[in-house]
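File shown: query-v9.tsv (TSV, C-alpha atoms and all ligand atoms).
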```
chain	number	residue	atom	x	y	z
A	1215	MET	CA	-56.49	-54.84	30.69
A	1216	THR	CA	-54.45	-52.32	32.68
A	1217	GLU	CA	-51.89	-54.54	34.39
A	1218	GLN	CA	-48.59	-55.29	32.68
A	1219	LEU	CA	-48.40	-58.82	31.28
A	1220	VAL	CA	-45.07	-60.58	30.76
A	1221	LEU	CA	-44.83	-63.82	28.80
A	1222	HIS	CA	-41.92	-66.07	29.78
A	1223	GLU	CA	-41.45	-68.15	26.68
A	1224	TYR	CA	-39.50	-70.01	24.02
A	1225	SER	CA	-40.96	-68.39	20.94
A	1226	SER	CA	-41.07	-71.33	18.54
A	1227	SER	CA	-43.06	-73.42	21.01
A	1228	GLY	CA	-46.72	-73.73	19.99
A	1229	ASN	CA	-47.73	-73.56	23.66
A	1230	CYS	CA	-46.09	-70.11	23.89
A	1231	TYR	CA	-47.44	-69.02	20.51
A	1232	LYS	CA	-51.04	-69.71	21.54
A	1233	VAL	CA	-50.64	-67.19	24.39
A	1234	ARG	CA	-49.21	-64.58	22.00
A	1235	LEU	CA	-51.93	-65.28	19.44
A	1236	THR	CA	-54.71	-64.91	22.03
A	1237	ALA	CA	-53.28	-61.56	23.12
A	1238	ALA	CA	-52.76	-60.37	19.53
A	1239	LEU	CA	-56.31	-61.22	18.44
A	1240	LEU	CA	-57.62	-59.24	21.39
A	1241	GLY	CA	-55.25	-56.31	20.85
A	1242	ILE	CA	-53.53	-56.88	24.21
A	1243	ARG	CA	-49.85	-56.07	24.62
A	1244	LEU	CA	-47.45	-58.65	26.08
A	1245	GLU	CA	-43.89	-58.09	27.13
A	1246	ARG	CA	-41.81	-61.10	26.07
A	1247	ARG	CA	-38.94	-62.78	27.92
A	1248	GLU	CA	-37.12	-65.52	26.01
A	1249	TYR	CA	-35.54	-68.66	27.54
A	1250	ASP	CA	-33.51	-71.26	25.66
A	1251	ILE	CA	-35.10	-74.56	26.66
A	1252	MET	CA	-32.37	-76.42	24.74
A	1253	LYS	CA	-29.89	-75.01	27.27
A	1254	GLY	CA	-32.07	-75.82	30.30
A	1255	GLU	CA	-32.80	-72.17	31.05
A	1256	THR	CA	-36.18	-73.08	32.56
A	1257	ARG	CA	-34.54	-75.56	34.92
A	1258	THR	CA	-32.34	-73.16	36.87
A	1259	PRO	CA	-32.90	-72.85	40.65
A	1260	GLU	CA	-34.01	-69.22	40.10
A	1261	PHE	CA	-36.60	-70.13	37.47
A	1262	LEU	CA	-37.93	-73.05	39.55
A	1263	ALA	CA	-38.16	-70.90	42.68
A	1264	LYS	CA	-39.68	-67.81	41.13
A	1265	VAL	CA	-41.39	-68.52	37.80
A	1266	ASN	CA	-42.57	-72.14	37.61
A	1267	ALA	CA	-41.69	-75.01	39.94
A	1268	ASN	CA	-42.59	-77.29	37.02
A	1269	GLY	CA	-39.62	-76.00	35.01
A	1270	ARG	CA	-41.54	-75.22	31.84
A	1271	ILE	CA	-42.72	-72.33	29.75
A	1272	PRO	CA	-45.01	-70.63	28.84
A	1273	VAL	CA	-45.65	-68.75	32.05
A	1274	LEU	CA	-47.73	-65.58	32.12
A	1275	GLN	CA	-46.61	-63.05	34.72
A	1276	ILE	CA	-49.18	-60.60	36.03
A	1277	GLY	CA	-47.44	-58.17	38.35
A	1278	ASP	CA	-45.62	-60.43	40.79
A	1279	ARG	CA	-47.88	-63.44	40.21
A	1280	PHE	CA	-47.29	-66.24	37.71
A	1281	ILE	CA	-49.66	-68.49	35.72
A	1282	PRO	CA	-47.98	-71.55	34.13
A	1283	GLU	CA	-49.85	-73.85	31.70
A	1284	SER	CA	-50.55	-72.38	28.29
A	1285	ASN	CA	-54.30	-72.85	28.26
A	1286	ALA	CA	-54.68	-71.28	31.71
A	1287	ALA	CA	-52.56	-68.32	30.55
A	1288	CYS	CA	-54.72	-67.95	27.41
A	1289	TYR	CA	-57.84	-68.11	29.56
A	1290	TYR	CA	-56.55	-65.37	31.85
A	1291	ILE	CA	-55.98	-63.09	28.85
A	1292	ALA	CA	-59.26	-63.92	27.10
A	1293	ASP	CA	-61.55	-63.94	30.14
A	1294	GLY	CA	-64.46	-61.58	29.50
A	1295	SER	CA	-63.77	-61.33	25.76
A	1296	SER	CA	-65.69	-62.67	22.76
A	1297	LEU	CA	-63.31	-65.68	22.72
A	1298	ILE	CA	-64.97	-67.07	25.86
A	1299	PRO	CA	-68.53	-68.33	25.35
A	1300	THR	CA	-70.81	-67.10	28.12
A	1301	GLU	CA	-73.63	-69.57	27.60
A	1302	ARG	CA	-73.14	-72.43	30.06
A	1303	PHE	CA	-72.91	-75.34	27.61
A	1304	GLY	CA	-70.68	-73.42	25.19
A	1305	HIS	CA	-68.35	-72.45	28.04
A	1306	ALA	CA	-68.00	-76.06	29.21
A	1307	ASP	CA	-67.60	-77.21	25.60
A	1308	MET	CA	-64.74	-74.72	25.12
A	1309	LEU	CA	-63.06	-76.11	28.26
A	1310	ARG	CA	-63.56	-79.63	26.89
A	1311	TRP	CA	-61.43	-78.75	23.85
A	1312	LEU	CA	-58.74	-77.12	26.00
A	1313	PHE	CA	-58.44	-80.25	28.17
A	1314	TRP	CA	-58.61	-82.51	25.13
A	1315	GLU	CA	-55.81	-80.54	23.46
A	1316	GLN	CA	-53.53	-81.16	26.44
A	1317	TYR	CA	-54.34	-84.87	26.67
A	1318	ASN	CA	-54.94	-86.11	23.13
A	1319	HIS	CA	-53.36	-83.57	20.78
A	1320	GLU	CA	-50.36	-81.72	22.21
A	1321	PRO	CA	-48.58	-84.74	23.77
A	1322	ASN	CA	-48.57	-86.41	20.35
A	1323	ILE	CA	-48.25	-83.69	17.71
A	1324	ALA	CA	-46.14	-81.22	19.71
A	1325	THR	CA	-43.87	-83.91	21.10
A	1326	LEU	CA	-43.21	-85.42	17.66
A	1327	ARG	CA	-42.55	-81.92	16.27
A	1328	PHE	CA	-40.03	-81.30	19.06
A	1329	TRP	CA	-38.32	-84.67	18.59
A	1330	MET	CA	-38.10	-84.32	14.82
A	1331	LYS	CA	-37.23	-80.62	14.49
A	1332	TRP	CA	-35.28	-79.81	17.65
A	1333	VAL	CA	-33.83	-83.07	19.00
A	1334	GLY	CA	-33.39	-84.54	15.51
A	1335	PRO	CA	-34.27	-88.08	14.34
A	1336	ASP	CA	-30.67	-89.26	14.79
A	1337	ASN	CA	-30.43	-88.10	18.40
A	1338	LEU	CA	-33.57	-89.71	19.82
A	1339	THR	CA	-33.23	-92.09	22.76
A	1340	ASP	CA	-34.40	-95.68	22.39
A	1341	GLY	CA	-37.38	-94.83	24.60
A	1342	GLN	CA	-38.38	-91.94	22.33
A	1343	ARG	CA	-37.96	-94.08	19.22
A	1344	LEU	CA	-40.26	-96.70	20.74
A	1345	GLN	CA	-42.97	-94.11	21.34
A	1346	MET	CA	-42.88	-92.61	17.83
A	1347	SER	CA	-45.43	-94.84	16.11
A	1348	GLY	CA	-47.91	-94.67	19.01
A	1349	LYS	CA	-47.68	-90.87	19.02
A	1350	ARG	CA	-48.10	-90.71	15.25
A	1351	GLN	CA	-51.19	-92.91	15.45
A	1352	ALA	CA	-52.65	-90.85	18.32
A	1353	GLY	CA	-51.80	-87.56	16.57
A	1354	ASN	CA	-53.59	-88.71	13.43
A	1355	ALA	CA	-56.57	-89.83	15.52
A	1356	ALA	CA	-56.74	-86.32	17.03
A	1357	LEU	CA	-56.63	-84.65	13.60
A	1358	LYS	CA	-59.28	-87.06	12.29
A	1359	LEU	CA	-61.55	-86.26	15.23
A	1360	MET	CA	-61.18	-82.53	14.55
A	1361	ASN	CA	-61.83	-83.06	10.85
A	1362	GLU	CA	-65.03	-84.99	11.59
A	1363	HIS	CA	-66.18	-82.47	14.19
A	1364	LEU	CA	-65.73	-79.63	11.68
A	1365	ALA	CA	-68.22	-81.18	9.23
A	1366	GLY	CA	-70.89	-78.53	8.68
A	1367	ARG	CA	-69.34	-76.11	11.14
A	1368	GLU	CA	-66.78	-73.31	10.92
A	1369	TRP	CA	-65.56	-73.29	14.52
A	1370	LEU	CA	-64.98	-75.93	17.18
A	1371	VAL	CA	-67.55	-74.47	19.59
A	1372	GLY	CA	-70.80	-72.79	18.54
A	1373	THR	CA	-70.82	-70.39	15.62
A	1374	ALA	CA	-67.95	-68.03	16.44
A	1375	PRO	CA	-64.21	-68.34	17.04
A	1376	SER	CA	-63.39	-69.18	20.66
A	1377	LEU	CA	-60.34	-69.96	22.74
A	1378	ALA	CA	-60.82	-73.60	21.75
A	1379	ASP	CA	-59.92	-72.69	18.14
A	1380	ILE	CA	-56.87	-70.67	19.18
A	1381	CYS	CA	-55.48	-73.33	21.52
A	1382	LEU	CA	-55.99	-76.13	18.97
A	1383	PHE	CA	-54.65	-74.04	16.11
A	1384	ALA	CA	-51.21	-73.58	17.70
A	1385	TYR	CA	-49.87	-77.07	17.06
A	1386	THR	CA	-52.32	-78.12	14.35
A	1387	HIS	CA	-51.12	-75.57	11.80
A	1388	VAL	CA	-47.49	-76.68	12.21
A	1389	ALA	CA	-48.23	-80.42	12.35
A	1390	GLY	CA	-46.43	-80.73	9.00
A	1391	ASP	CA	-43.17	-80.05	10.92
A	1392	ALA	CA	-43.70	-83.50	12.44
A	1393	ASP	CA	-44.59	-85.05	9.05
A	1394	PHE	CA	-48.33	-85.15	9.66
A	1395	ASN	CA	-50.12	-84.75	6.34
A	1396	LEU	CA	-52.80	-82.11	6.93
A	1397	GLY	CA	-53.99	-82.66	3.36
A	1398	GLN	CA	-55.73	-85.79	4.67
A	1399	TYR	CA	-57.92	-83.53	6.81
A	1400	PRO	CA	-59.47	-81.00	4.40
A	1401	ARG	CA	-61.87	-79.44	6.91
A	1402	VAL	CA	-58.97	-78.87	9.28
A	1403	VAL	CA	-57.07	-77.14	6.45
A	1404	GLU	CA	-60.07	-74.86	5.78
A	1405	TRP	CA	-60.38	-74.12	9.50
A	1406	VAL	CA	-56.65	-73.27	9.68
A	1407	GLU	CA	-57.13	-70.77	6.84
A	1408	ARG	CA	-60.19	-69.32	8.60
A	1409	ILE	CA	-58.11	-68.62	11.70
A	1410	LYS	CA	-55.29	-67.11	9.64
A	1411	GLY	CA	-57.88	-64.75	8.17
A	1412	GLN	CA	-58.90	-63.32	11.56
A	1413	PRO	CA	-58.21	-59.61	12.10
A	1414	ARG	CA	-54.92	-59.05	14.01
A	1415	TYR	CA	-53.74	-62.64	13.36
A	1416	ILE	CA	-50.00	-63.09	13.92
A	1417	ALA	CA	-47.81	-65.93	12.64
A	1418	ILE	CA	-45.80	-68.18	14.96
A	1419	ASP	CA	-42.53	-66.62	13.81
A	1420	ALA	CA	-43.76	-63.00	14.02
B	1	LIG	N1	-48.80	-78.37	29.64
B	1	LIG	C1	-47.83	-77.32	29.50
B	1	LIG	C2	-46.64	-77.86	28.68
B	1	LIG	C3	-45.45	-76.92	28.79
B	1	LIG	C4	-44.25	-77.49	28.08
B	1	LIG	O1	-44.14	-78.71	27.85
B	1	LIG	N2	-43.32	-76.61	27.74
B	1	LIG	C5	-42.12	-77.01	27.05
B	1	LIG	C6	-41.97	-76.21	25.76
B	1	LIG	S1	-43.42	-76.38	24.75
B	1	LIG	C7	-40.91	-76.71	27.93
B	1	LIG	O2	-40.92	-75.77	28.69
B	1	LIG	N3	-39.87	-77.53	27.83
B	1	LIG	C8	-38.64	-77.28	28.51
B	1	LIG	C9	-38.37	-78.28	29.59
B	1	LIG	O3	-39.20	-79.16	29.85
B	1	LIG	O4	-37.28	-78.16	30.18
B	1	LIG	C10	-48.46	-76.10	28.82
B	1	LIG	O5	-49.44	-76.26	28.10
B	1	LIG	O6	-47.97	-74.98	29.04
```

Could I get this structure in the form of structure tokens?
Ligand SMILES: N[C@@H](CCC(=O)N[C@@H](CS)C(=O)NCC(=O)O)C(=O)O
Amino acid sequence: MTEQLVLHEYSSSGNCYKVRLTAALLGIRLERREYDIMKGETRTPEFLAKVNANGRIPVLQIGDRFIPESNAACYYIADGSSLIPTERFGHADMLRWLFWEQYNHEPNIATLRFWMKWVGPDNLTDGQRLQMSGKRQAGNAALKLMNEHLAGREWLVGTAPSLADICLFAYTHVAGDADFNLGQYPRVVEWVERIKGQPRYIAIDA
């Protein structure tokens, strides 16, 4: 990849980490620009006008063009690499996991992690408090589904690591931050270790 890539991010976010991890595993350099989401730095008129009208990070900048949405940014980086299955079914299956992550996994596990670690249990609104048990149940259902899918297989799609593994790994491996007990999902724990063992792996706080 010859063009310069800039990641607009908040580094402890799993959505931002998955973009960094994709680039690291592929040996691709990213320039990093940090925003403090706790201070609303992604909600300024400048950010909304130039970087992402949706007011969120991560956003991948390629020259003067911007790709918001973590999984789309990962896809841009990984396109053409071994992380993207080329066989038609495998490719669609990888996309299935990326969409599933955004609908069934991230809104539950990542949101609870943010509420518990950043907002703090004492500062939650009544509305957030009301949603906690539903999100915990749905987060556990997502982890259970992954655990069952991983029976007899090492990777989510086919027989090699793909972008599906990277995108699901980001919030799964820190689910303990939101008091999910990964020990209940032994195949997920093994899969987490398998990803950590990949050449050029970087940790979320690297
Ligand atoms: N679906 C988006 C979610 C992006 C998102 O929710 N980003 C959060 C941090 S993980 C954010 O920017 N929050 C700050 C805000 O909403 O003001 C993605 O996958 O990139």

Show me as a compact mmCIF listing (two decimals) with C-alpha atoms, in the frame of the given file the residues that reach within 10 Å of (-40.1, -62.7, 27.8), counting all atoms listed in the file and using the file's own coordinates.
```txt
# COMPACT_ATOMS: atom_id res chain seq x y z
CA LEU A 1219 -48.40 -58.82 31.28
CA VAL A 1220 -45.07 -60.58 30.76
CA LEU A 1221 -44.83 -63.82 28.80
CA HIS A 1222 -41.92 -66.07 29.78
CA GLU A 1223 -41.45 -68.15 26.68
CA TYR A 1224 -39.50 -70.01 24.02
CA SER A 1225 -40.96 -68.39 20.94
CA LEU A 1244 -47.45 -58.65 26.08
CA GLU A 1245 -43.89 -58.09 27.13
CA ARG A 1246 -41.81 -61.10 26.07
CA ARG A 1247 -38.94 -62.78 27.92
CA GLU A 1248 -37.12 -65.52 26.01
CA TYR A 1249 -35.54 -68.66 27.54
CA PRO A 1272 -45.01 -70.63 28.84
CA VAL A 1273 -45.65 -68.75 32.05
CA LEU A 1274 -47.73 -65.58 32.12
CA GLN A 1275 -46.61 -63.05 34.72
```

* To do: Neighbourhood query: residues within 12 Å of (-41.9, -88.8, 6.8), file coordinates, counting only C-alpha atoms; return as an NGL selection string.
  => :A and (1326-1327 or 1330 or 1335 or 1346-1347 or 1350 or 1389-1395)

Around ligand LIG 1 (chain B), at most 6 Å away and counting all atoms listed in the file, which residues are there? Put them as a short mmCIF file (atom, residue, chain, number, x, y, z; two decimals) with C-alpha atoms, in the coordinates of the input, please.
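And here's part_34.cif as it stands now:
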```
data_model
loop_
_atom_site.label_atom_id
_atom_site.label_comp_id
_atom_site.auth_asym_id
_atom_site.auth_seq_id
_atom_site.Cartn_x
_atom_site.Cartn_y
_atom_site.Cartn_z
CA SER A 1227 -43.06 -73.42 21.01
CA ASN A 1229 -47.73 -73.56 23.66
CA ILE A 1251 -35.10 -74.56 26.66
CA GLY A 1254 -32.07 -75.82 30.30
CA THR A 1256 -36.18 -73.08 32.56
CA GLY A 1269 -39.62 -76.00 35.01
CA ARG A 1270 -41.54 -75.22 31.84
CA ILE A 1271 -42.72 -72.33 29.75
CA PRO A 1272 -45.01 -70.63 28.84
CA GLU A 1283 -49.85 -73.85 31.70
CA SER A 1284 -50.55 -72.38 28.29
CA ASN A 1285 -54.30 -72.85 28.26
#
```

* To do: Enter the distance from atom CA of Pro1375 of chain A to atom CA of Arg1243 of chain A, in Å, rounded to one decimal.
  => 20.4 Å

* To do: Take atom CA of Tyr1290 of chain A and atom CA of Glu1407 of chain A and report the distance between them in Å, one decimal.
  => 25.6 Å

* So how many Å separate atom CA of Pro1321 of chain A and atom CA of Ala1365 of chain A, to one decimal? -> 24.7 Å

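Take the candidates A:Leu1240, A:Tyr1399, A:Glu1320, A:Glu1260 and check each one against Arg1414 of chain A using all atoms listed in the file; the shortest distance goes to A:Leu1240.
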
* Structure fact -> One residue among A:Thr1236, A:Gln1345, A:Thr1300, A:Ser1226 is nearest to Cys1288 of chain A when using only C-alpha atoms, and that residue is A:Thr1236

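Comparing A:Ala1324, A:Ile1281, A:Val1371, A:Cys1381 by their smallest distance to Ala1267 of chain A, the closest is A:Ile1281 (using all atoms listed in the file).
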
Report, as lines of an AutoDock Vina configuration file, the centre and edge lengths in Å (one decimal) of the axis-aligned box enclosing every listed atom of segment 1272-1291 of chain A, padded by 4 Å on each side.
```
center_x = -51.4
center_y = -66.0
center_z = 34.1
size_x = 20.8
size_y = 23.7
size_z = 21.4
```

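Omitting Met1308 of chain A and its sequence neighbours fewer than 3 positions away, and counting all atoms listed in the file, the residues within 8 Å are Ile1298, Pro1299, Gly1304, His1305, Trp1311, Leu1312, Val1371, Ser1376, Leu1377 and Ala1378 of chain A.
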